[in-house]
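Participant: Provided below: query26.cif, containing mmCIF, C-alpha atoms and all ligand atoms.
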```cif
data_work
loop_
_atom_site.label_atom_id
_atom_site.label_comp_id
_atom_site.auth_asym_id
_atom_site.auth_seq_id
_atom_site.Cartn_x
_atom_site.Cartn_y
_atom_site.Cartn_z
CA MET P 1449 50.99 47.22 -14.58
CA ASP P 1450 50.69 48.40 -18.13
CA GLN P 1451 48.14 51.08 -18.90
CA LYS P 1452 44.74 49.39 -18.95
CA ALA P 1453 42.61 49.69 -22.07
CA LEU P 1454 39.16 50.83 -20.96
CA VAL P 1455 35.84 50.54 -22.75
CA GLY P 1456 32.38 51.99 -22.18
CA ILE P 1457 28.97 50.44 -22.90
CA ALA P 1458 28.91 51.60 -26.54
CA GLU P 1459 32.31 50.03 -27.22
CA ILE P 1460 31.32 46.79 -25.50
CA ALA P 1461 28.20 46.66 -27.70
CA GLU P 1462 30.38 47.21 -30.76
CA LEU P 1463 33.00 44.60 -29.89
CA ALA P 1464 30.29 42.04 -29.04
CA GLY P 1465 28.20 42.96 -32.08
CA VAL P 1466 25.04 43.58 -30.03
CA SER P 1467 22.94 46.60 -29.03
CA LYS P 1468 23.73 48.78 -26.03
CA GLN P 1469 20.45 47.55 -24.54
CA ALA P 1470 21.70 43.95 -24.76
CA VAL P 1471 24.83 44.91 -22.84
CA SER P 1472 22.71 46.58 -20.16
CA ASN P 1473 20.65 43.39 -19.92
CA TRP P 1474 23.77 41.25 -19.53
CA ARG P 1475 24.85 43.49 -16.64
CA ILE P 1476 21.59 42.87 -14.85
CA ARG P 1477 21.13 39.24 -15.70
CA TYR P 1478 24.61 37.78 -15.16
CA ASP P 1479 26.24 38.04 -11.77
CA ASP P 1480 29.64 37.30 -13.24
CA PHE P 1481 29.54 40.19 -15.69
CA PRO P 1482 32.71 42.14 -14.84
CA ARG P 1483 32.36 45.03 -12.43
CA PRO P 1484 33.22 48.46 -13.86
CA PHE P 1485 36.84 49.53 -13.41
CA GLN P 1486 35.67 53.09 -12.74
CA ASN P 1487 32.50 55.16 -12.85
CA LEU P 1488 33.18 58.29 -14.85
CA GLN P 1489 30.79 61.18 -15.34
CA SER P 1490 30.12 59.87 -18.84
CA GLY P 1491 29.22 56.46 -17.40
CA PRO P 1492 30.95 53.27 -16.25
CA VAL P 1493 34.10 51.94 -17.96
CA TRP P 1494 35.50 48.41 -17.93
CA GLU P 1495 38.87 46.84 -18.63
CA ARG P 1496 38.77 45.68 -22.25
CA GLU P 1497 40.62 42.41 -21.45
CA LYS P 1498 38.03 41.36 -18.86
CA ILE P 1499 35.12 42.26 -21.12
CA GLU P 1500 36.59 40.38 -24.08
CA SER P 1501 37.15 37.24 -22.09
CA TRP P 1502 33.65 37.42 -20.55
CA VAL P 1503 32.01 37.81 -23.99
CA LYS P 1504 34.01 34.90 -25.36
CA SER P 1505 33.15 32.62 -22.48
CA PHE P 1506 29.50 33.74 -22.64
CA ARG P 1507 29.40 32.52 -26.21
CA GLY P 1508 31.27 29.33 -25.47
CA GLN P 1509 34.08 30.47 -27.78
CA GLU P 1510 36.64 30.96 -25.11
CA THR P 1511 40.15 29.73 -25.77
CA HIS P 1512 40.93 27.35 -22.93
CA VAL P 1513 44.50 27.92 -21.82
CA ILE P 1514 45.72 25.14 -19.53
CA SER P 1515 49.08 25.10 -17.76
CA PHE P 1516 50.51 21.78 -16.61
CA ILE P 1517 52.40 22.50 -13.40
CA ASN P 1518 54.29 20.74 -10.67
CA LEU P 1519 57.38 21.89 -8.78
CA LYS P 1520 58.66 18.33 -8.81
CA GLY P 1521 60.55 17.09 -11.87
CA GLY P 1522 59.88 13.84 -13.70
CA VAL P 1523 56.23 13.46 -12.66
CA GLY P 1524 54.79 13.23 -16.17
CA LYS P 1525 53.94 16.91 -16.83
CA THR P 1526 55.32 16.86 -20.36
CA THR P 1527 54.01 13.41 -21.28
CA THR P 1528 50.51 14.26 -20.10
CA ALA P 1529 50.46 17.76 -21.62
CA VAL P 1530 51.65 16.49 -25.01
CA ALA P 1531 49.22 13.53 -25.09
CA VAL P 1532 46.25 15.71 -24.12
CA ALA P 1533 47.20 18.26 -26.81
CA GLU P 1534 47.59 15.52 -29.44
CA MET P 1535 44.29 13.86 -28.56
CA LEU P 1536 42.30 17.11 -28.41
CA ALA P 1537 43.58 17.93 -31.90
CA GLN P 1538 43.45 14.50 -33.54
CA GLU P 1539 40.39 12.92 -31.92
CA HIS P 1540 38.30 15.92 -30.88
CA ARG P 1541 39.21 18.02 -33.93
CA LYS P 1542 40.14 21.00 -31.79
CA HIS P 1543 42.64 23.61 -32.86
CA VAL P 1544 45.44 23.29 -30.34
CA LEU P 1545 48.65 25.19 -29.63
CA LEU P 1546 51.21 23.58 -27.37
CA ILE P 1547 53.58 26.07 -25.76
CA ASP P 1548 56.81 24.64 -24.39
CA LEU P 1549 58.04 26.93 -21.61
CA ASP P 1550 60.60 24.48 -20.28
CA PRO P 1551 64.27 25.03 -21.25
CA GLN P 1552 64.69 21.25 -21.15
CA THR P 1553 62.69 21.30 -24.44
CA ASN P 1554 61.22 17.83 -23.82
CA ALA P 1555 57.82 18.66 -25.30
CA THR P 1556 59.47 20.33 -28.29
CA VAL P 1557 61.61 17.33 -29.18
CA THR P 1558 58.78 14.84 -28.82
CA LEU P 1559 56.81 16.85 -31.39
CA ILE P 1560 59.52 17.87 -33.89
CA SER P 1561 62.91 16.41 -34.76
CA GLU P 1562 66.08 17.71 -33.13
CA ASP P 1563 67.34 18.80 -36.56
CA GLN P 1564 64.25 20.90 -37.13
CA TRP P 1565 64.58 22.33 -33.63
CA ALA P 1566 68.26 23.27 -34.18
CA GLU P 1567 67.34 25.20 -37.30
CA LEU P 1568 64.46 27.02 -35.59
CA ASP P 1569 66.66 27.84 -32.63
CA ALA P 1570 69.43 29.24 -34.84
CA ASN P 1571 66.85 31.53 -36.47
CA GLY P 1572 65.37 32.83 -33.21
CA ARG P 1573 62.11 30.96 -33.63
CA THR P 1574 61.60 29.85 -30.03
CA VAL P 1575 60.16 31.34 -26.83
CA ALA P 1576 63.74 31.99 -25.69
CA GLN P 1577 64.09 34.58 -28.46
CA LEU P 1578 60.83 36.19 -27.37
CA PHE P 1579 62.22 36.75 -23.88
CA GLU P 1580 65.67 37.71 -25.18
CA ASP P 1581 64.18 40.49 -27.30
CA ARG P 1582 62.70 42.01 -24.15
CA ILE P 1583 65.91 41.61 -22.18
CA ASN P 1584 67.87 43.49 -24.87
CA PRO P 1585 65.45 46.24 -25.84
CA HIS P 1586 68.05 48.10 -27.89
CA ALA P 1587 68.86 45.19 -30.20
CA THR P 1588 66.68 44.61 -33.27
CA PRO P 1589 63.86 42.22 -32.23
CA ARG P 1590 64.10 38.84 -33.96
CA PHE P 1591 61.07 37.00 -32.62
CA ASP P 1592 58.06 36.76 -34.91
CA ILE P 1593 55.12 34.75 -33.52
CA GLU P 1594 53.85 33.71 -36.98
CA LYS P 1595 57.24 32.32 -37.93
CA ALA P 1596 57.94 30.71 -34.56
CA ILE P 1597 54.77 28.61 -34.51
CA VAL P 1598 55.38 25.22 -36.13
CA ARG P 1599 52.24 23.87 -37.74
CA GLY P 1600 50.98 20.30 -37.96
CA VAL P 1601 53.42 18.73 -35.48
CA SER P 1602 53.71 15.21 -33.92
CA THR P 1603 54.63 11.85 -35.35
CA ILE P 1604 51.03 10.68 -34.89
CA ALA P 1605 49.41 10.34 -38.32
CA ASP P 1606 52.61 11.86 -39.79
CA GLY P 1607 51.67 15.23 -38.30
CA ILE P 1608 48.39 16.31 -36.69
CA SER P 1609 47.03 19.09 -38.86
CA ARG P 1610 45.34 21.00 -36.03
CA LEU P 1611 48.27 20.77 -33.61
CA ASP P 1612 50.77 23.63 -33.52
CA LEU P 1613 53.87 24.10 -31.39
CA LEU P 1614 55.63 27.13 -29.98
CA PRO P 1615 59.04 25.56 -29.30
CA SER P 1616 61.38 26.15 -26.38
CA SER P 1617 65.16 26.40 -26.29
CA ILE P 1618 67.90 25.49 -23.85
CA ARG P 1619 68.98 29.12 -24.21
CA LEU P 1620 66.10 29.92 -21.86
CA ILE P 1621 68.22 28.58 -18.96
CA ASP P 1622 70.62 31.54 -19.15
CA LEU P 1623 67.83 34.01 -19.79
CA GLN P 1624 65.23 33.11 -17.20
CA ASP P 1625 66.93 34.74 -14.21
CA ARG P 1626 67.30 38.00 -16.12
CA ILE P 1627 63.64 38.30 -17.14
CA PRO P 1628 62.41 39.77 -13.81
CA MET P 1629 65.11 42.43 -14.18
CA ILE P 1630 64.10 43.73 -17.59
CA ALA P 1631 62.78 46.97 -16.12
CA LEU P 1632 66.35 47.66 -14.95
CA SER P 1633 67.84 47.18 -18.39
CA GLY P 1634 66.15 50.30 -19.72
CA ASN P 1635 62.94 48.61 -20.82
CA PHE P 1636 60.58 50.36 -18.46
CA THR P 1637 57.41 49.76 -20.39
CA ALA P 1638 57.60 45.98 -20.66
CA ASN P 1639 56.03 44.17 -17.73
CA PRO P 1640 58.07 40.94 -17.32
CA LEU P 1641 54.87 38.96 -16.65
CA GLU P 1642 53.09 40.15 -19.79
CA ILE P 1643 55.68 39.09 -22.38
CA LEU P 1644 54.00 35.89 -23.52
CA ARG P 1645 50.49 37.37 -23.39
CA THR P 1646 51.46 40.31 -25.56
CA ALA P 1647 53.20 38.08 -28.11
CA LEU P 1648 50.26 35.66 -28.33
CA GLN P 1649 47.53 38.25 -28.66
CA PRO P 1650 47.37 38.15 -32.47
CA VAL P 1651 47.08 34.33 -32.64
CA LEU P 1652 45.25 33.21 -29.50
CA ASP P 1653 41.78 33.44 -31.04
CA ARG P 1654 42.68 30.82 -33.64
CA TYR P 1655 42.86 28.09 -31.03
CA ASP P 1656 40.26 26.21 -29.02
CA TYR P 1657 42.93 25.05 -26.59
CA VAL P 1658 46.38 26.24 -25.62
CA ILE P 1659 48.33 23.71 -23.57
CA ILE P 1660 51.37 25.00 -21.69
CA ASP P 1661 54.14 22.67 -20.56
CA CYS P 1662 55.75 24.49 -17.63
CA PRO P 1663 59.22 24.01 -16.14
CA PRO P 1664 59.26 22.55 -12.58
CA SER P 1665 59.25 25.98 -10.90
CA LEU P 1666 57.01 28.96 -10.25
CA GLY P 1667 59.43 31.54 -11.65
CA THR P 1668 58.76 34.35 -14.11
CA VAL P 1669 58.56 32.03 -17.11
CA THR P 1670 55.86 29.85 -15.51
CA LYS P 1671 54.05 33.00 -14.38
CA ASN P 1672 54.01 34.22 -17.99
CA GLY P 1673 52.09 31.02 -18.74
CA LEU P 1674 49.77 31.41 -15.75
CA ARG P 1675 49.07 35.00 -16.76
CA ILE P 1676 47.12 33.71 -19.77
CA SER P 1677 45.81 30.48 -18.24
CA THR P 1678 42.10 29.88 -17.73
CA GLY P 1679 42.96 26.89 -15.56
CA TYR P 1680 45.77 24.55 -14.58
CA VAL P 1681 46.37 20.84 -14.14
CA ILE P 1682 48.73 19.31 -11.59
CA PRO P 1683 50.22 16.00 -12.73
CA THR P 1684 51.74 14.04 -9.87
CA ILE P 1685 53.04 10.58 -9.15
CA PRO P 1686 50.87 9.39 -6.22
CA ASP P 1687 53.69 9.19 -3.69
CA ILE P 1688 54.68 11.33 -0.73
CA VAL P 1689 57.60 13.18 -2.30
CA SER P 1690 55.81 14.04 -5.55
CA THR P 1691 52.66 15.35 -3.83
CA TRP P 1692 54.64 17.34 -1.26
CA GLY P 1693 54.63 20.62 -3.18
CA ILE P 1694 50.99 20.63 -4.31
CA TYR P 1695 49.83 22.82 -1.44
CA GLN P 1696 52.56 25.33 -2.32
CA ILE P 1697 51.49 25.39 -5.98
CA VAL P 1698 47.83 25.99 -5.17
CA ASP P 1699 48.77 28.67 -2.61
CA ASN P 1700 51.15 30.44 -5.02
CA VAL P 1701 48.82 30.32 -8.01
CA GLN P 1702 45.96 31.65 -5.89
CA ARG P 1703 48.05 34.59 -4.70
CA PHE P 1704 49.23 35.28 -8.24
CA ALA P 1705 45.63 35.17 -9.47
CA GLN P 1706 44.67 37.72 -6.83
CA ASP P 1707 47.52 39.98 -7.98
CA ILE P 1708 46.29 39.93 -11.57
CA GLU P 1709 42.64 40.08 -10.45
CA ARG P 1710 41.59 37.05 -12.43
CA ALA P 1711 40.64 33.57 -11.23
CA ILE P 1712 42.97 30.74 -12.29
CA PRO P 1713 41.12 27.64 -11.11
CA ALA P 1714 42.85 24.31 -10.58
CA ILE P 1715 41.03 22.02 -13.01
CA GLY P 1716 42.36 19.01 -11.18
CA ILE P 1717 45.19 16.77 -10.05
CA VAL P 1718 46.09 13.84 -12.26
CA ALA P 1719 47.81 10.80 -10.81
CA THR P 1720 50.55 9.67 -13.21
CA LYS P 1721 52.89 6.70 -13.55
CA VAL P 1722 50.52 4.80 -11.29
CA GLN P 1723 51.61 1.33 -10.14
CA SER P 1724 49.59 -1.22 -8.28
CA ASN P 1725 51.25 -0.98 -4.89
CA ASN P 1726 50.00 0.02 -1.46
CA LEU P 1727 51.64 3.41 -1.35
CA HIS P 1728 50.11 4.55 -4.65
CA ARG P 1729 46.74 3.16 -3.62
CA ARG P 1730 46.80 5.01 -0.30
CA VAL P 1731 47.89 8.35 -1.77
CA ILE P 1732 45.24 8.08 -4.50
CA GLU P 1733 42.64 7.42 -1.81
CA ASP P 1734 43.70 10.56 0.07
CA LEU P 1735 43.68 12.61 -3.13
CA ARG P 1736 40.26 11.31 -4.07
CA ALA P 1737 38.89 12.18 -0.61
CA ARG P 1738 40.51 15.62 -0.97
CA ARG P 1739 42.47 15.25 2.23
CA LEU P 1740 46.03 15.51 0.98
CA GLY P 1741 48.56 16.56 3.66
CA LYS P 1742 48.31 20.22 4.58
CA PHE P 1743 44.95 20.64 2.83
CA SER P 1744 43.32 18.40 5.43
CA GLU P 1745 44.28 20.64 8.35
CA GLY P 1746 41.24 22.88 7.93
CA GLY P 1747 43.23 25.76 6.44
CA PRO P 1748 41.90 28.28 3.95
CA LEU P 1749 42.81 26.27 0.85
CA GLU P 1750 40.82 23.44 -0.66
CA GLN P 1751 42.58 20.56 -2.32
CA PRO P 1752 41.82 20.53 -6.06
CA PRO P 1753 39.83 17.46 -7.11
CA LEU P 1754 41.57 14.35 -8.40
CA PHE P 1755 40.63 13.45 -11.97
CA ALA P 1756 38.66 10.20 -12.05
CA ASN P 1757 41.09 8.86 -14.66
CA THR P 1758 44.62 8.05 -13.55
CA ILE P 1759 47.55 7.31 -15.87
CA SER P 1760 49.23 3.99 -15.34
CA GLN P 1761 52.94 3.39 -15.61
CA ALA P 1762 53.56 2.00 -19.09
CA VAL P 1763 56.81 0.83 -20.67
CA ALA P 1764 55.89 2.22 -24.08
CA VAL P 1765 55.68 5.79 -22.81
CA ALA P 1766 59.40 6.32 -22.28
CA ARG P 1767 60.11 4.93 -25.75
CA GLY P 1768 57.34 7.07 -27.28
CA ALA P 1769 58.98 10.26 -26.05
CA ASP P 1770 61.58 9.90 -28.80
CA VAL P 1771 60.42 11.57 -32.00
CA GLU P 1772 62.95 9.54 -33.98
CA ALA P 1773 61.03 6.40 -33.08
CA GLU P 1774 58.40 7.69 -35.54
CA LEU P 1775 55.42 6.22 -33.76
CA ARG P 1776 52.39 7.03 -35.88
CA THR P 1777 49.56 5.81 -33.68
CA PHE P 1778 48.53 6.58 -30.11
CA LYS P 1779 48.70 2.86 -29.36
CA ALA P 1780 52.34 2.64 -30.43
CA LYS P 1781 53.30 5.89 -28.69
CA TYR P 1782 51.51 5.39 -25.36
CA GLY P 1783 50.99 1.63 -25.15
CA ALA P 1784 49.11 0.57 -22.02
CA ALA P 1785 48.61 4.24 -20.99
CA GLU P 1786 46.79 5.10 -24.22
CA ALA P 1787 43.27 4.46 -22.92
CA ASP P 1788 44.01 6.33 -19.66
CA LEU P 1789 45.28 9.36 -21.55
CA ARG P 1790 42.27 9.29 -23.86
CA SER P 1791 39.83 9.23 -20.90
CA LEU P 1792 41.75 11.99 -19.15
CA THR P 1793 41.56 14.14 -22.29
CA GLN P 1794 37.80 13.66 -22.37
CA GLU P 1795 37.54 14.54 -18.70
CA ILE P 1796 39.61 17.73 -19.10
CA LYS P 1797 37.59 18.73 -22.15
CA ALA P 1798 34.27 18.14 -20.38
CA LYS P 1799 35.38 20.20 -17.39
CA CYS P 1800 36.57 23.05 -19.59
CA GLU P 1801 33.49 23.09 -21.75
CA ALA P 1802 30.90 22.66 -19.00
CA LYS P 1803 28.23 25.23 -19.79
CA ARG P 1804 27.67 28.15 -17.49
N1 LIG I 1901 52.65 6.88 -17.68
C1 LIG I 1901 53.97 6.71 -17.78
N2 LIG I 1901 54.49 5.48 -17.81
C2 LIG I 1901 55.83 5.29 -17.91
N3 LIG I 1901 56.73 6.26 -18.01
C3 LIG I 1901 56.27 7.54 -17.98
C4 LIG I 1901 54.87 7.83 -17.87
N4 LIG I 1901 54.73 9.18 -17.88
C5 LIG I 1901 55.97 9.69 -17.99
N5 LIG I 1901 56.90 8.71 -18.05
C6 LIG I 1901 58.35 8.85 -18.18
O1 LIG I 1901 58.85 9.50 -17.01
C7 LIG I 1901 59.85 10.44 -17.34
C8 LIG I 1901 59.40 11.81 -16.88
O2 LIG I 1901 58.21 12.16 -17.58
P1 LIG I 1901 57.95 13.62 -18.09
O3 LIG I 1901 59.12 14.12 -18.87
O4 LIG I 1901 56.64 13.64 -18.74
O5 LIG I 1901 57.90 14.38 -16.70
P2 LIG I 1901 58.01 15.93 -16.37
O6 LIG I 1901 57.24 16.12 -15.13
O7 LIG I 1901 57.64 16.73 -17.54
O8 LIG I 1901 59.55 16.10 -16.07
P3 LIG I 1901 60.41 17.47 -15.98
O9 LIG I 1901 60.10 18.03 -14.64
O10 LIG I 1901 61.80 17.00 -16.13
O11 LIG I 1901 59.94 18.35 -17.08
C9 LIG I 1901 60.04 10.36 -18.84
O12 LIG I 1901 61.10 9.49 -19.12
C10 LIG I 1901 58.74 9.76 -19.34
O13 LIG I 1901 58.89 9.04 -20.55
MG MG I 1902 58.71 18.21 -18.56
#
```
Kindly present the structure from the file in structure tokens form.
Facilitator:
Amino acid sequence: MDQKALVGIAEIAELAGVSKQAVSNWRIRYDDFPRPFQNLQSGPVWEREKIESWVKSFRGQETHVISFINLKGGVGKTTTAVAVAEMLAQEHRKHVLLIDLDPQTNATVTLISEDQWAELDANGRTVAQLFEDRINPHATPRFDIEKAIVRGVSTIADGISRLDLLPSSIRLIDLQDRIPMIALSGNFTANPLEILRTALQPVLDRYDYVIIDCPPSLGTVTKNGLRISTGYVIPTIPDIVSTWGIYQIVDNVQRFAQDIERAIPAIGIVATKVQSNNLHRRVIEDLRARRLGKFSEGGPLEQPPLFANTISQAVAVARGADVEAELRTFKAKYGAAEADLRSLTQEIKAKCEAKR
């Protein structure tokens, strides 16, 4: 772990812009006020990161960071993540950053053209460059968060002004296995799980929502996303094979959350590419009753709830994934799944913004 930044009551009062007395009151009144990291002779001290996030959530100003995760490929992670990001920005007027952590770059190339991507990639303006800089600590760093973020992306409305993108690159494929080893390459101070968090620190406050499209794995890159996530969503096709790994995801994320001493709740499971057949109906029933596979065996883990809104299989969606198709409305881009995606966005937003 990196050295923790610690703060006392006076500093908490200063960073929250309130009196020391108010901070003392918060400690008494709110059970979820962070516990002190240590009690020094001069008084208790807290980890700055935990205090900052508590103050933000107390004021309802918290940036909601949501990872879309499944170990299975092709289940609609990218489609759902992109649509939710677009709708939060365009219809709910939220400031949204979409982070593409998948070397397949599917989210990136549905939001910007391949030409634009090629130019950004050549200039080191992707998350791959961010990780590469840490892998080669002796080379001059090239990644600059302000330059890497593409503003006003998507074909919807010729660009959604509140929607920004941190693009991915296929170069991440060669890099990802080397990221856990960065401490061995002479970079002893960089924690491989903190790379994204450190890079985003100067910009995170600008956004109401950060949506992270994860690769189908729980490797170091996905963990960099989870490190900053306030919750995660599991998109799944409601069939046996696609739901198989959900227990493993929940188990792994929970253990990771314990390691970093911060809760990362599962906001919910979303059934995607839903067809009207018996198998899908049965699996959705099990998910709704929260008795999916291994979860039902009375073990320590609870199945995350299924979102009330499911996303139906729609022909238009596959076509809409192509940025060159220049689809300017949600109807054209998502066809029969448009209304489902809109309701899901509302549901995610309501869950995130539910008052304490
Ligand atoms: N509701 C839907 N109706 C029809 N097709 C869909 C729907 N959602 C996704 N698809 C299509 O299914 C394919 C996989 O979707 P998507 O890329 O979103 O999945 P993914 O889980 O992100 O995949 P990967 O693991 O490869 O990143 C794509 O061709 C996409 O257009
Ligand atoms: Mg994807």
Participant: Find the residues around segment 1699-1714 of chain P up to 9 Å (all atoms listed in the file counted), leave out those fewer than 4 positions away in its own chain, and share them as a ChimeraX atom specification.
Facilitator: /P:1498,1666,1671,1674-1675,1677-1682,1694-1695,1749,1752-1753
Participant: Quick one: residues within 7 Å of ligand LIG 1901 (chain I), with only C-alpha atoms and all ligand atoms, as a PyMOL selection string?
Facilitator: chain P and resi 1520-1528+1550+1552+1554+1663-1664+1720-1721+1759-1767+1769+1785
Participant: Kindly indicate which residue among P:Ile1597, P:Leu1735, P:Ile1621, P:Ala1719 lies nearest to Glu1580 of chain P, using only C-alpha atoms for the distances.
Facilitator: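 Ranking P:Ile1597, P:Leu1735, P:Ile1621, P:Ala1719 by distance to Glu1580 of chain P, first place goes to P:Ile1621.
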Participant: Restricting the calculation to all atoms listed in the file, which member of P:Phe1516, P:Phe1591, P:Phe1485, P:Phe1506 is positioned closest to ligand MG 1902 (chain I)?
Facilitator: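 The shortest atom-to-atom distance to ligand MG 1902 (chain I) comes from P:Phe1516.
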Participant: Interatomic distance between atom CA of Leu1613 of chain P and atom CA of Leu1545 of chain P?
Facilitator: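 Separating atom CA of Leu1613 of chain P from atom CA of Leu1545 of chain P is a distance of 5.6 Å.
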Participant: What is the atom CA of Ile1688 of chain P to atom CA of Asn1757 of chain P distance in Å?
Facilitator: 19.6 Å
Participant: Could you name the residues that touch Leu1568 of chain P at 10 Å or less, counting all atoms listed in the file, but leaving out those on the same chain fewer than 6 positions away, as a PyMOL selection string?
Facilitator: chain P and resi 1562+1574+1595-1598+1615-1617
Participant: Rounded to one decimal place, report the atom CA of Val1532 of chain P-atom CA of Leu1792 of chain P distance in Å.
Facilitator: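 Computed distance, atom CA of Val1532 of chain P to atom CA of Leu1792 of chain P, equals 7.7 Å.
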Participant: Do you know which residues are at most 9 Å from Arg1645 of chain P counting all atoms listed in the file, after dropping those on the same chain fewer than 3 positions away, and could you put them as a PyMOL selection string?
Facilitator: chain P and resi 1641-1642+1648-1649+1672-1673+1675-1676
Participant: Could those selected residues go to a file with C-alpha atoms, as a PDB file, in the coordinates of the input?
Facilitator:
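Contents of selection-v4.pdb, as written:
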```
ATOM      1  CA  LEU P1641      54.870  38.960 -16.650  1.00  0.00           C
ATOM      2  CA  GLU P1642      53.090  40.150 -19.790  1.00  0.00           C
ATOM      3  CA  LEU P1648      50.260  35.660 -28.330  1.00  0.00           C
ATOM      4  CA  GLN P1649      47.530  38.250 -28.660  1.00  0.00           C
ATOM      5  CA  ASN P1672      54.010  34.220 -17.990  1.00  0.00           C
ATOM      6  CA  GLY P1673      52.090  31.020 -18.740  1.00  0.00           C
ATOM      7  CA  ARG P1675      49.070  35.000 -16.760  1.00  0.00           C
ATOM      8  CA  ILE P1676      47.120  33.710 -19.770  1.00  0.00           C
TER       9      ILE P1676
END
```
Participant: Could you give me, as a ChimeraX atom specification, the residues within 12 Å of segment 1778-1781 of chain P, counting all atoms listed in the file and dropping anything in the same chain fewer than 5 positions from it?
Facilitator: /P:1527,1530-1532,1534-1535,1538-1539,1558-1559,1602-1606,1608,1762-1773,1786-1790
Participant: Which neighbours of segment 1796-1802 of chain P fall inside 10 Å, counting all atoms listed in the file, when residues of the same chain fewer than 4 positions from it are skipped, and could you give them as a ChimeraX atom specification?
Facilitator: /P:1505,1508-1514,1532,1536,1540,1657,1678-1679,1681,1715-1716,1755,1791-1792
Participant: Calculated over all atoms listed in the file, which of the candidates P:Glu1459, P:Asp1612, P:Asp1622, P:Asp1661 has the smallest distance to Arg1599 of chain P?
Facilitator: P:Asp1612
Participant: Smallest atom-to-atom distance to ligand MG 1902 (chain I): which of P:Ser1744, P:Thr1758, P:Asn1725, P:Thr1684, using all atoms listed in the file?
Facilitator: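 Ranking P:Ser1744, P:Thr1758, P:Asn1725, P:Thr1684 by distance to ligand MG 1902 (chain I), first place goes to P:Thr1684.
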